[in-house]
Amino acid sequence: MTDYAEEQRNEIEALMSIYPEELQIVQDSPHFVFQLTVSSSESEEPKDPENENDIDDRVTCVIQFTYAPTYPDEPPLIEIISSEKMDDEQQTKVLDFINEQVQENLGIVMVFTIVSALQEKLTVMVEDAKRLAEEQRIQKEKDDEEAALKKFEGTRVTIESFLAWKAKFDAERKERKRIQGDLDLSSKKLSGKELFMTDATLNDSDVNFLQEEEGVEVDESLFEDMEDLDIDDADDDEDPDWEPDKN
C-alpha cells in the first residue's frame, strides 16, 4: 500500500532544498499547499543600452500547488496566483502547458519536473517575444525608409497622365490669356472724343463749371449740335498765309 503522505513530505523536503528562496509553505495539514516562484532564465547575451527592446524582460509567475489525498497518483490542484509581464493569453498558455506535464507524469512526484519544464517554457516565450519585437522594429524602419524614398520619387509619368496634364495646362494658359486681354481692354486709355462719345454727361461738365464761376449764364442749346460740326475740317481749310485787309 502506497504511503501518499510520506511521498508528499519527501517531495516537499527536496523542493525546499532546491528552491530555498522560491518556495513558500502555505499550509501543511490536512494536505500540503505551497507556492513556487518560477521565472524565465536570464539571457546570457550582454545588454545593449541603446536598444530599447534589449532590456531585462524576464517573466515571473507564482504557482500554487495543492496536493490531492492520493497524490502523485491523483493530479494536484495547480493555480497561477500572480504574474509579472504576462497577459491573460500567456497565463492561459502556461496553465495548458502545466496540465500537459501533469498528465505525462501521473504516478510519480512531479513538481520539480513541472517547474523545470515551465522555466524553459517561459524562457522560450521571452525569446519569441523579443524576436518578434525586433522583427517589428526592423520592419518599421524599412517601411519608414521606403516611405521617405517615395517622397523623392514623385509620380511616374505615363503617356495618358502627360496628355491629361498638357490638356489642363493648355486650358489654364488660354484662360489666363483671356483674362489678361480683358484687363488690357479695361485699362486702355480713351481719347477726349471717345470719352465724349461714351459718356454723355461729359457734355454738360463744362457748362456746369462755367455756370458756377461768377454767375455766368450759358445757353446750353448752343452746344447740342456740336457733334455735327466738322471742326477739324474747318481748321484744315484755313489758308495759313492769309492776312486780314489792313485797309
# chains A, B, ... in the order shown; residues from 1 in each chain; ligands from 1
call {"tool": "select_by_dssp", "arguments": {"residues": "stretch 8-38 of chain A", "states": "helix (DSSP H, G or I)", "output": "list in words"}}
result
Gln8, Arg9, Asn10, Glu11, Ile12, Glu13, Ala14, Leu15, Met16, Ser17 and Ile18 of chain A
call {"tool": "write_last_selection", "arguments": {"atoms": "C-alpha atoms", "output": "short mmCIF file (atom, residue, chain, number, x, y, z; two decimals), in the first residue's frame"}}
result
data_model
loop_
_atom_site.label_atom_id
_atom_site.label_comp_id
_atom_site.auth_asym_id
_atom_site.auth_seq_id
_atom_site.Cartn_x
_atom_site.Cartn_y
_atom_site.Cartn_z
CA GLN A 8 4.42 14.14 -0.28
CA ARG A 9 6.62 15.01 2.74
CA ASN A 10 9.71 13.72 0.99
CA GLU A 11 8.98 15.80 -2.10
CA ILE A 12 8.40 18.94 -0.02
CA GLU A 13 11.78 18.46 1.72
CA ALA A 14 13.53 18.02 -1.63
CA LEU A 15 11.82 21.11 -3.07
CA MET A 16 12.81 23.22 -0.06
CA SER A 17 16.45 22.31 -0.58
CA ILE A 18 16.30 23.06 -4.32
#
call {"tool": "residues_around", "arguments": {"residues": "A:Val94", "least_positions_apart": "2", "cutoff": "9 Å", "atoms": "only C-alpha atoms", "output": "PyMOL selection string"}}
result
chain A and resi 80+89-92+96-99+118+121-122
call {"tool": "select_by_dssp", "arguments": {"residues": "stretch 48-157 of chain A", "states": "strand (DSSP E)", "output": "PyMOL selection string"}}
result
chain A and resi 60-66+77-84
call {"tool": "residues_around", "arguments": {"residues": "A:Pro72", "least_positions_apart": "4", "cutoff": "9 Å", "atoms": "only C-alpha atoms", "output": "short mmCIF file (atom, residue, chain, number, x, y, z; two decimals) with C-alpha atoms, in the first residue's frame"}}
result
data_model
loop_
_atom_site.label_atom_id
_atom_site.label_comp_id
_atom_site.auth_asym_id
_atom_site.auth_seq_id
_atom_site.Cartn_x
_atom_site.Cartn_y
_atom_site.Cartn_z
CA TYR A 4 0.95 9.05 -0.03
CA GLU A 7 5.83 10.63 -0.53
CA GLN A 8 4.42 14.14 -0.28
CA TYR A 67 -1.71 18.09 -3.03
CA ALA A 68 -4.62 15.73 -3.52
CA PRO A 76 -2.51 18.21 -7.72
CA ASN A 105 3.88 12.42 -15.11
CA LEU A 106 0.94 10.91 -13.23
CA GLY A 107 2.04 8.22 -10.77
CA ILE A 108 5.34 9.86 -9.81
CA VAL A 109 6.19 13.02 -7.86
CA MET A 110 6.20 15.73 -10.48
#
call {"tool": "atom_distance", "arguments": {"atom1": "atom CA of A:Glu42", "atom2": "atom CA of A:Leu23"}}
result
19.5 Å
call {"tool": "residues_around", "arguments": {"residues": "A:Ser41", "least_positions_apart": "6", "cutoff": "9 Å", "atoms": "only C-alpha atoms", "output": "list in words"}}
result
Arg58, Val59, Gln119, Glu120, Leu122 and Thr123 of chain A
call {"tool": "closest_residue", "arguments": {"among": "A:Ile25, A:Val102, A:Ile159, A:Ala148", "to": "A:Tyr71", "atoms": "only C-alpha atoms"}}
result
A:Val102
call {"tool": "residues_around", "arguments": {"residues": "A:Pro69", "least_positions_apart": "3", "cutoff": "8 Å", "atoms": "only C-alpha atoms", "output": "list of chain:residue names"}}
result
A:Tyr4, A:Ala5, A:His31, A:Glu74
call {"tool": "write_last_selection", "arguments": {"atoms": "C-alpha atoms", "output": "PDB file, in the first residue's frame"}}
result
ATOM      1  CA  TYR A   4       0.955   9.051  -0.030  1.00  0.00           C
ATOM      2  CA  ALA A   5       1.615  11.306   2.949  1.00  0.00           C
ATOM      3  CA  HIS A  31      -2.506  18.326   2.809  1.00  0.00           C
ATOM      4  CA  GLU A  74      -4.007  11.893  -8.464  1.00  0.00           C
TER       5      GLU A  74
END
call {"tool": "closest_residue", "arguments": {"among": "A:Ala147, A:Asp87, A:Leu77, A:Glu22", "to": "A:Val62", "atoms": "only C-alpha atoms"}}
result
A:Glu22
call {"tool": "atom_distance", "arguments": {"atom1": "atom CA of A:Phe32", "atom2": "atom CA of A:Met1"}}
result
20.6 Å
call {"tool": "atom_distance", "arguments": {"atom1": "atom CA of A:Val38", "atom2": "atom CA of A:Ile63"}}
result
7.3 Å
